[in-house]
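This is my_file05.txt. It holds compact mmCIF, C-alpha atoms.
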# COMPACT_ATOMS: atom_id res chain seq x y z
CA MET D 570 -16.18 5.70 -11.49
CA ALA D 571 -15.66 9.13 -10.03
CA PHE D 572 -12.85 8.00 -7.74
CA ASP D 573 -10.55 10.84 -8.75
CA GLU D 574 -12.78 13.52 -7.32
CA TYR D 575 -12.50 11.86 -3.91
CA ALA D 576 -8.75 11.24 -4.01
CA GLY D 577 -7.36 12.32 -0.67
CA ALA D 578 -10.77 12.69 0.96
CA PRO D 579 -10.91 11.16 4.46
CA ASP D 580 -12.91 7.98 4.93
CA SER D 581 -15.53 9.76 7.00
CA ALA D 582 -16.14 12.27 4.19
CA LEU D 583 -16.71 9.39 1.79
CA LEU D 584 -19.20 7.87 4.20
CA VAL D 585 -21.11 11.14 4.46
CA ALA D 586 -21.11 11.43 0.67
CA PHE D 587 -22.59 7.94 0.50
CA ALA D 588 -25.23 8.95 3.05
CA ASN D 589 -26.17 11.67 0.60
CA GLY D 590 -26.70 9.11 -2.13
CA ASP D 591 -23.27 8.94 -3.76
CA SER D 592 -22.52 5.28 -4.44
CA ALA D 593 -19.11 6.06 -5.99
CA ALA D 594 -17.92 7.26 -2.58
CA ALA D 595 -18.98 3.96 -1.02
CA ARG D 596 -17.20 1.97 -3.72
CA LEU D 597 -14.01 3.86 -3.03
CA LEU D 598 -14.36 3.08 0.68
CA VAL D 599 -14.63 -0.61 -0.20
CA VAL D 600 -11.54 -0.41 -2.37
CA ARG D 601 -9.65 1.36 0.42
CA LEU D 602 -10.71 -0.63 3.46
CA SER D 603 -11.83 -4.09 2.42
CA PRO D 604 -8.35 -5.63 1.88
CA ARG D 605 -7.30 -4.86 5.45
CA ALA D 606 -10.66 -5.97 6.85
CA LEU D 607 -10.41 -9.15 4.83
CA GLY D 608 -6.90 -9.73 6.16
CA GLN D 609 -8.04 -9.20 9.75
CA ALA D 610 -10.90 -11.68 9.37
CA GLN D 611 -8.69 -14.17 7.54
CA ARG D 612 -6.06 -14.02 10.28
CA MET D 613 -8.63 -14.62 12.99
CA LEU D 614 -10.67 -17.28 11.21
CA ASN D 615 -8.19 -18.87 8.78
CA ASP D 616 -11.11 -19.40 6.42
CA ARG D 617 -11.30 -17.24 3.30
CA ALA D 618 -14.99 -17.77 2.58
CA ALA D 619 -15.96 -17.02 6.17
CA ALA D 620 -13.68 -13.96 6.16
CA GLU D 621 -15.40 -12.63 3.03
CA ASP D 622 -18.81 -13.13 4.64
CA VAL D 623 -17.69 -11.27 7.74
CA VAL D 624 -16.37 -8.33 5.73
CA GLN D 625 -19.50 -8.18 3.61
CA GLU D 626 -21.63 -8.11 6.75
CA ALA D 627 -19.41 -5.45 8.35
CA PHE D 628 -19.77 -3.15 5.34
CA LEU D 629 -23.52 -3.71 5.22
CA ARG D 630 -23.66 -2.47 8.79
CA LEU D 631 -21.50 0.49 7.82
CA TRP D 632 -23.86 1.50 5.00
CA LYS D 633 -26.82 1.27 7.35
CA ILE D 634 -25.34 3.56 9.98
CA ALA D 635 -23.94 6.00 7.39
CA PRO D 636 -26.78 8.54 7.75
CA ASP D 637 -26.09 8.76 11.50
CA TRP D 638 -22.30 8.93 11.20
CA ARG D 639 -20.86 11.88 13.09
CA GLN D 640 -17.61 13.11 11.61
CA GLY D 641 -14.81 13.60 14.05
CA GLU D 642 -16.09 11.21 16.70
CA ALA D 643 -14.52 8.04 15.37
CA GLN D 644 -12.51 6.86 12.42
CA VAL D 645 -14.20 4.57 9.94
CA SER D 646 -11.19 2.24 10.04
CA THR D 647 -11.40 1.98 13.85
CA TRP D 648 -15.12 1.23 13.65
CA LEU D 649 -14.43 -1.43 11.04
CA TYR D 650 -11.73 -3.10 13.15
CA ARG D 651 -14.24 -3.35 16.00
CA VAL D 652 -17.09 -4.75 13.93
CA VAL D 653 -14.89 -7.26 12.12
CA ALA D 654 -13.41 -8.43 15.45
CA ASN D 655 -16.90 -8.83 16.92
CA LEU D 656 -18.22 -10.70 13.89
CA CYS D 657 -15.18 -12.98 13.94
CA THR D 658 -15.60 -13.84 17.60
CA ASP D 659 -19.29 -14.56 16.91
CA ARG D 660 -18.19 -17.01 14.23
CA LEU D 661 -15.55 -18.50 16.47
CA ARG D 662 -18.14 -19.05 19.18
CA VAL D 663 -20.22 -21.12 16.76
CA ARG D 664 -17.13 -22.89 15.53
CA ARG D 665 -16.09 -23.74 19.10
CA ARG D 666 -18.83 -26.34 19.29
CA ASN D 667 -17.81 -27.92 16.00
CA VAL D 668 -14.03 -27.84 15.91
CA ASP D 669 -12.25 -30.99 16.85
CA PHE D 670 -8.78 -29.94 17.91
CA ASP D 671 -7.42 -33.40 17.26
CA LYS D 672 -8.42 -33.24 13.62
CA ILE D 673 -6.12 -30.36 12.86
CA ALA D 674 -3.76 -31.82 10.32
CA GLU D 675 -0.30 -32.67 11.44
CA PRO D 676 2.24 -31.81 8.76
CA GLU D 677 3.73 -34.76 6.96
CA ASP D 678 7.33 -35.08 5.86
CA SER D 679 7.81 -33.25 2.59
CA ALA D 680 10.23 -30.92 0.92
CA PRO D 681 11.39 -28.27 3.44
CA SER D 682 9.50 -25.34 1.95
CA VAL D 683 6.32 -27.37 1.58
CA ALA D 684 6.70 -28.80 5.07
CA GLN D 685 7.21 -25.34 6.49
CA LYS D 686 4.13 -24.11 4.68
CA MET D 687 2.09 -27.01 5.98
CA GLN D 688 3.34 -26.44 9.48
CA ASP D 689 2.43 -22.76 9.27
CA GLU D 690 -1.00 -23.77 8.06
CA ALA D 691 -1.40 -26.26 10.92
CA ARG D 692 -0.30 -23.62 13.42
CA HIS D 693 -2.69 -21.06 11.96
CA ASP D 694 -5.53 -23.61 12.19
CA ALA D 695 -4.62 -24.37 15.79
CA LEU D 696 -4.42 -20.69 16.63
CA ALA D 697 -7.86 -20.00 15.14
CA ALA D 698 -9.25 -22.97 17.07
CA ALA D 699 -7.63 -21.72 20.27
CA LEU D 700 -9.06 -18.23 19.74
CA ALA D 701 -12.46 -19.92 19.54
CA GLU D 702 -11.80 -21.51 22.94
CA MET D 703 -10.81 -18.29 24.62
CA PRO D 704 -13.05 -15.71 26.27
CA GLU D 705 -14.13 -13.36 23.47
CA ARG D 706 -12.59 -10.14 24.80
CA GLN D 707 -9.25 -11.87 25.36
CA ALA D 708 -9.36 -13.29 21.84
CA GLN D 709 -10.09 -9.86 20.39
CA ALA D 710 -7.33 -8.15 22.36
CA VAL D 711 -4.77 -10.83 21.49
CA SER D 712 -5.65 -10.83 17.80
CA LEU D 713 -5.60 -7.03 17.52
CA ARG D 714 -2.25 -6.87 19.32
CA HIS D 715 -0.43 -9.88 17.94
CA LEU D 716 -2.07 -10.54 14.57
CA GLU D 717 -2.92 -6.99 13.49
CA GLY D 718 0.12 -5.47 15.21
CA LEU D 719 -1.85 -2.54 16.64
CA GLY D 720 -0.66 -0.48 19.60
CA ASN D 721 -2.45 -0.56 22.93
CA PRO D 722 -3.94 2.96 22.61
CA GLU D 723 -5.53 2.06 19.27
CA ILE D 724 -6.83 -1.24 20.63
CA ALA D 725 -8.28 0.67 23.59
CA GLN D 726 -10.21 2.87 21.14
CA ILE D 727 -11.41 -0.10 19.12
CA MET D 728 -12.54 -2.04 22.17
CA ASP D 729 -13.74 1.06 24.00
CA ILE D 730 -11.74 0.28 27.14
CA SER D 731 -8.73 1.80 28.90
CA VAL D 732 -5.14 1.13 27.85
CA GLU D 733 -4.58 -0.59 31.20
CA ALA D 734 -7.51 -2.90 30.51
CA VAL D 735 -6.02 -3.73 27.10
CA GLU D 736 -2.70 -4.62 28.71
CA SER D 737 -4.44 -6.82 31.24
CA LEU D 738 -6.64 -8.54 28.63
CA THR D 739 -3.70 -9.16 26.33
CA ALA D 740 -1.55 -10.64 29.10
CA ARG D 741 -4.37 -12.90 30.31
CA GLY D 742 -5.17 -13.83 26.72
CA LYS D 743 -1.63 -14.95 26.05
CA ARG D 744 -1.63 -17.09 29.18
CA THR D 745 -4.94 -18.64 28.17
CA LEU D 746 -3.63 -19.30 24.69
CA ALA D 747 -0.42 -20.87 25.99
CA SER D 748 -2.50 -23.11 28.22
CA ILE D 749 -4.92 -24.18 25.47
CA LEU D 750 -2.09 -25.01 23.08
CA ALA D 751 0.02 -26.75 25.73
CA SER D 752 -1.09 -30.25 24.87
CA LYS D 753 -0.49 -29.68 21.14
CA LYS D 754 3.14 -28.74 21.34
CA ALA D 755 4.45 -31.77 19.52
CA GLU D 756 1.89 -31.54 16.71
CA LEU D 757 2.72 -27.87 16.31
CA GLY D 758 6.42 -28.66 15.92
CA PHE D 759 7.57 -27.43 19.31
CA ASN D 760 9.91 -29.86 20.96
CA ASP D 761 11.02 -29.04 24.46
CA GLU D 762 14.63 -29.74 25.19
CA MET Z 487 -5.20 -29.64 33.32
CA SER Z 488 -1.75 -29.25 31.89
CA ASP Z 489 0.95 -28.06 34.22
CA LYS Z 490 2.67 -24.74 33.81
CA LEU Z 491 5.87 -26.23 32.40
CA SER Z 492 4.07 -27.59 29.38
CA HIS Z 493 2.62 -24.22 28.35
CA LEU Z 494 3.98 -22.60 25.25
CA THR Z 495 6.75 -20.12 25.87
CA ASP Z 496 6.51 -16.54 24.70
CA ALA Z 497 8.82 -17.37 21.80
CA GLN Z 498 6.65 -20.31 20.77
CA LEU Z 499 3.53 -18.18 21.01
CA GLU Z 500 5.23 -15.62 18.80
CA GLU Z 501 5.88 -18.34 16.23
CA MET Z 502 2.18 -19.21 16.37
CA PHE Z 503 1.24 -15.58 15.76
CA ALA Z 504 3.76 -15.34 12.94
CA SER Z 505 2.14 -18.27 11.17
CA ALA Z 506 -1.13 -16.34 11.10
CA ARG Z 507 0.33 -12.92 10.38
CA THR Z 508 -0.21 -13.20 6.67
CA SER Z 509 -0.38 -10.14 4.49
CA ASP Z 510 -3.77 -8.75 3.52
CA PRO Z 511 -5.28 -10.77 0.67
CA VAL Z 512 -6.21 -9.13 -2.61
CA PRO Z 513 -10.00 -9.19 -2.85
CA ASP Z 514 -11.09 -11.11 -5.92
CA ALA Z 515 -13.51 -9.89 -8.55
CA ASP Z 516 -16.45 -11.94 -7.28
CA PHE Z 517 -16.07 -10.54 -3.79
CA MET Z 518 -15.86 -6.97 -5.05
CA ALA Z 519 -18.91 -7.53 -7.24
CA ARG Z 520 -20.88 -8.68 -4.17
CA MET Z 521 -19.72 -5.66 -2.19
CA PHE Z 522 -20.68 -3.24 -4.97
CA ALA Z 523 -24.05 -4.95 -5.42
CA ASP Z 524 -24.74 -4.35 -1.73
CA ILE Z 525 -24.01 -0.66 -2.20
CA ASP Z 526 -26.32 -0.42 -5.20
CA SER Z 527 -29.10 -2.14 -3.28
CA ILE Z 528 -28.78 0.21 -0.32
CA VAL Z 529 -28.14 3.61 -1.91
CA PRO Z 530 -31.80 4.17 -2.92
CA GLN Z 531 -32.86 3.56 0.69
CA VAL Z 532 -30.55 6.20 2.02
CA GLU Z 533 -32.38 9.47 2.34
CA PRO Z 534 -30.25 12.46 1.49
CA VAL Z 535 -29.39 14.56 4.49
CA VAL Z 536 -31.13 17.88 3.82
CA ALA Z 537 -30.99 20.71 6.28
CA ASP Z 538 -34.43 22.06 7.21
CA ALA Z 539 -35.14 25.41 5.58
CA PRO Z 540 -35.43 28.05 8.30
CA ARG Z 541 -38.99 29.28 8.85
CA ARG Z 542 -39.53 32.97 9.68
CA SER Z 543 -42.34 34.57 11.58
CA VAL Z 544 -43.77 37.93 10.51
CA LEU Z 545 -41.87 39.71 13.30
CA ALA Z 546 -38.67 37.98 12.27
CA SER Z 547 -39.23 39.13 8.70
CA ILE Z 548 -39.70 42.75 9.82
CA TRP Z 549 -36.64 42.46 12.00
CA ALA Z 550 -34.67 41.17 9.02
CA ALA Z 551 -36.02 43.99 6.81
CA LEU Z 552 -34.71 46.52 9.34
CA GLY Z 553 -31.30 45.03 8.95
CA GLY Z 554 -31.26 42.84 12.05
CA TRP Z 555 -29.02 43.81 14.94
CA ALA Z 556 -26.81 45.97 12.74
CA GLY Z 557 -29.75 48.04 11.55
CA ALA Z 558 -31.26 48.21 15.02
CA SER Z 559 -28.08 49.56 16.57
CA GLY Z 560 -27.93 52.41 14.02
CA LEU Z 561 -31.58 53.16 14.64
CA ALA Z 562 -31.07 53.21 18.40
CA ALA Z 563 -28.08 55.55 18.10
CA ALA Z 564 -30.07 57.98 15.94
CA ALA Z 565 -33.00 57.89 18.35
CA ALA Z 566 -30.76 58.55 21.36
CA THR Z 567 -29.16 61.51 19.59
CA GLY Z 568 -32.58 62.93 18.80
CA ILE Z 569 -33.70 62.63 22.37
CA TRP Z 570 -30.55 64.29 23.63
CA ILE Z 571 -30.97 67.22 21.25
CA GLY Z 572 -34.57 67.54 22.31
CA VAL Z 573 -34.01 67.64 26.04
CA ALA Z 574 -30.67 69.40 26.16
CA SER Z 575 -30.73 72.93 27.63
CA PRO Z 576 -30.29 75.95 25.31
CA THR Z 577 -27.05 76.75 27.10
CA SER Z 578 -25.52 73.55 26.19
CA MET Z 579 -26.78 73.93 22.65
CA ALA Z 580 -25.18 77.39 22.52
CA THR Z 581 -21.98 75.79 23.67
CA VAL Z 582 -22.26 73.39 20.84
CA SER Z 583 -22.99 76.09 18.27
CA ASP Z 584 -20.16 78.27 19.60
CA ALA Z 585 -17.87 75.34 19.35
CA PHE Z 586 -19.02 74.84 15.83
CA TRP Z 587 -19.16 78.43 14.55
CA GLY Z 588 -16.57 80.06 16.76
CA ASP Z 589 -17.08 83.61 17.99
CA SER Z 590 -20.40 85.23 17.18
CA MET Z 591 -20.57 87.69 14.34
CA SER Z 592 -23.29 89.61 12.57
CA VAL Z 593 -23.86 89.93 8.91
CA SER Z 594 -26.17 92.52 7.50
CA VAL Z 595 -28.24 91.45 4.64
CA MET Z 596 -29.85 94.90 4.18
CA VAL Z 597 -28.37 97.61 1.95
CA PRO Z 598 -26.95 100.49 4.05
CA ASP Z 599 -29.00 103.70 3.91
CA ASP Z 600 -26.11 105.88 2.74
CA ILE Z 601 -25.35 103.87 -0.27
CA LEU Z 602 -23.96 106.84 -2.15
CA GLY Z 603 -21.75 108.03 0.75
CA LEU Z 604 -23.32 111.42 0.86
CA GLU Z 605 -23.51 111.69 4.59
CA GLY Z 606 -20.65 113.20 6.51

Write out the structure in this file as structure tokens.
Amino acid sequence: MAFDEYAGAPDSALLVAFANGDSAAARLLVVRLSPRALGQAQRMLNDRAAAEDVVQEAFLRLWKIAPDWRQGEAQVSTWLYRVVANLCTDRLRVRRRNVDFDKIAEPEDSAPSVAQKMQDEARHDALAAALAEMPERQAQAVSLRHLEGLGNPEIAQIMDISVEAVESLTARGKRTLASILASKKAELGFNDE
Amino acid sequence: MSDKLSHLTDAQLEEMFASARTSDPVPDADFMARMFADIDSIVPQVEPVVADAPRRSVLASIWAALGGWAGASGLAAAAATGIWIGVASPTSMATVSDAFWGDSMSVSVMVPDDILGLEG
């Protein structure tokens, strides 16, 4: 693969090269960006197979818009964050009808490290289920801020809204989340004093 | 509806986020193969972006043959000079020639009559 010739080239240049028929440029984009996209989808969905499907669909959309991509207007990584977040909330919306909150496994007593791992898994499941319950924009803002660790200005770009709107969405999202998870405190290992 | 006191605290919410904040997974070979197969199936459909070749009219071709604006400006300067020389008064031309040649002088191109110096 002719990856070396593109070493250091910006993502948008690779996309334009692909639009001109260079598949090696597209492969390098996949190598560069798919792990993070996969991580984002996995964190939102807590389902590896579904996360892979989301990322595959996101890249398919990227290849299709490649001929119309205008360099300098947006970053490919920002575009990808947005599309992955949208595809994840689409999936969560479908899942909302099917998820039974009460069936999220409660960790059993085991060795400490295993118990901790199981509790983390149960919490991640509950978080994904709660994101499915939330209004989509709140879920996206909360996940980009608290799961991806992005700053408000970057989230504003991704969601195409103002920084103030991001702050408001994130704050409301956290309140919604706290409310949804309120009745699951004991199962999630939170014991009020 | 649960009351406010039973909501998760900020610290508890942070623990929830931490449980999901896993590092990016390493894509496996099957996944990468699917992604690359998608690329191969789409590349032939992507039409190369080719800039349209500029089309020139006959006038544009003549204009280009004259050297475009650069050529035209030289041509205009020469034409203006010609017109000025044509309409300028003789006096002003004399001024120009005086300025060029300096004081007038005469040069005889004929052999003097007394070539042998016989006259007084």

#### Entry: Atomic separation - atom CA of Ser603 of chain D relative to atom CA of Ala691 of chain D, Å
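Computing the Euclidean distance for atom CA of Ala691 of chain D and atom CA of Ser603 of chain D yields 25.9 Å.
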
### Task
Write out as a list in words the residues lying within 8 Å of Gln707 of chain D, counting all atoms listed in the file and excluding same-chain residues fewer than 3 positions away.
Met703, Pro704, Ala710, Val711, Leu738, Thr739, Arg741 and Gly742 of chain D

Pick out the chain D residues within 6 Å of chain Z. Count only C-alpha atoms. Give them as a PDB file with C-alpha atoms, in the frame of the given file.
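Produced file selection_14.pdb, reproduced below:
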ATOM      1  CA  ASN D 589     -26.170  11.670   0.600  1.00  0.00           C
ATOM      2  CA  GLY D 590     -26.700   9.110  -2.130  1.00  0.00           C
ATOM      3  CA  PRO D 604      -8.350  -5.630   1.880  1.00  0.00           C
ATOM      4  CA  ARG D 605      -7.300  -4.860   5.450  1.00  0.00           C
ATOM      5  CA  GLY D 608      -6.900  -9.730   6.160  1.00  0.00           C
ATOM      6  CA  ARG D 612      -6.060 -14.020  10.280  1.00  0.00           C
ATOM      7  CA  ASP D 689       2.430 -22.760   9.270  1.00  0.00           C
ATOM      8  CA  ARG D 692      -0.300 -23.620  13.420  1.00  0.00           C
ATOM      9  CA  HIS D 693      -2.690 -21.060  11.960  1.00  0.00           C
ATOM     10  CA  LEU D 716      -2.070 -10.540  14.570  1.00  0.00           C
ATOM     11  CA  ALA D 747      -0.420 -20.870  25.990  1.00  0.00           C
ATOM     12  CA  SER D 748      -2.500 -23.110  28.220  1.00  0.00           C
ATOM     13  CA  ALA D 751       0.020 -26.750  25.730  1.00  0.00           C
TER      14      ALA D 751
END

### Nearby residues (all atoms listed in the file) at most 10 Å from Trp648 of chain D, same-chain spacing under 6 positions excluded, as number ranges by chain
D: 627, 631, 654, 726-728

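Interatomic distance, atom CA of Arg660 of chain D to atom CA of Asn615 of chain D: 11.5 Å.
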
### Message
as a list in words, please: the residues near Glu717 of chain D (cut-off 8 Å, only C-alpha atoms, same-chain neighbours under 4 positions excluded).
### Response
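So the residues in contact are Gln609, Ser712 and Leu713 of chain D; Arg507 of chain Z.
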
Write the residues of the preceding selection, restricted to C-alpha atoms, as a JSON list (two decimals), keeping the file's coordinate frame.
[["chain", "number", "residue", "atom", "x", "y", "z"],
["D", 609, "GLN", "CA", -8.04, -9.20, 9.75],
["D", 712, "SER", "CA", -5.65, -10.83, 17.80],
["D", 713, "LEU", "CA", -5.60, -7.03, 17.52],
["Z", 507, "ARG", "CA", 0.33, -12.92, 10.38]]

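Distances to Tyr650 of chain D were evaluated for D:Leu602, D:Ser581, D:Glu574, D:Pro722 using only C-alpha atoms, and the minimum falls at D:Leu602.
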
### Query
Could you state the separation of atom CA of Thr658 of chain D and atom CA of Arg706 of chain D in Å, given to one decimal place?
8.6 Å
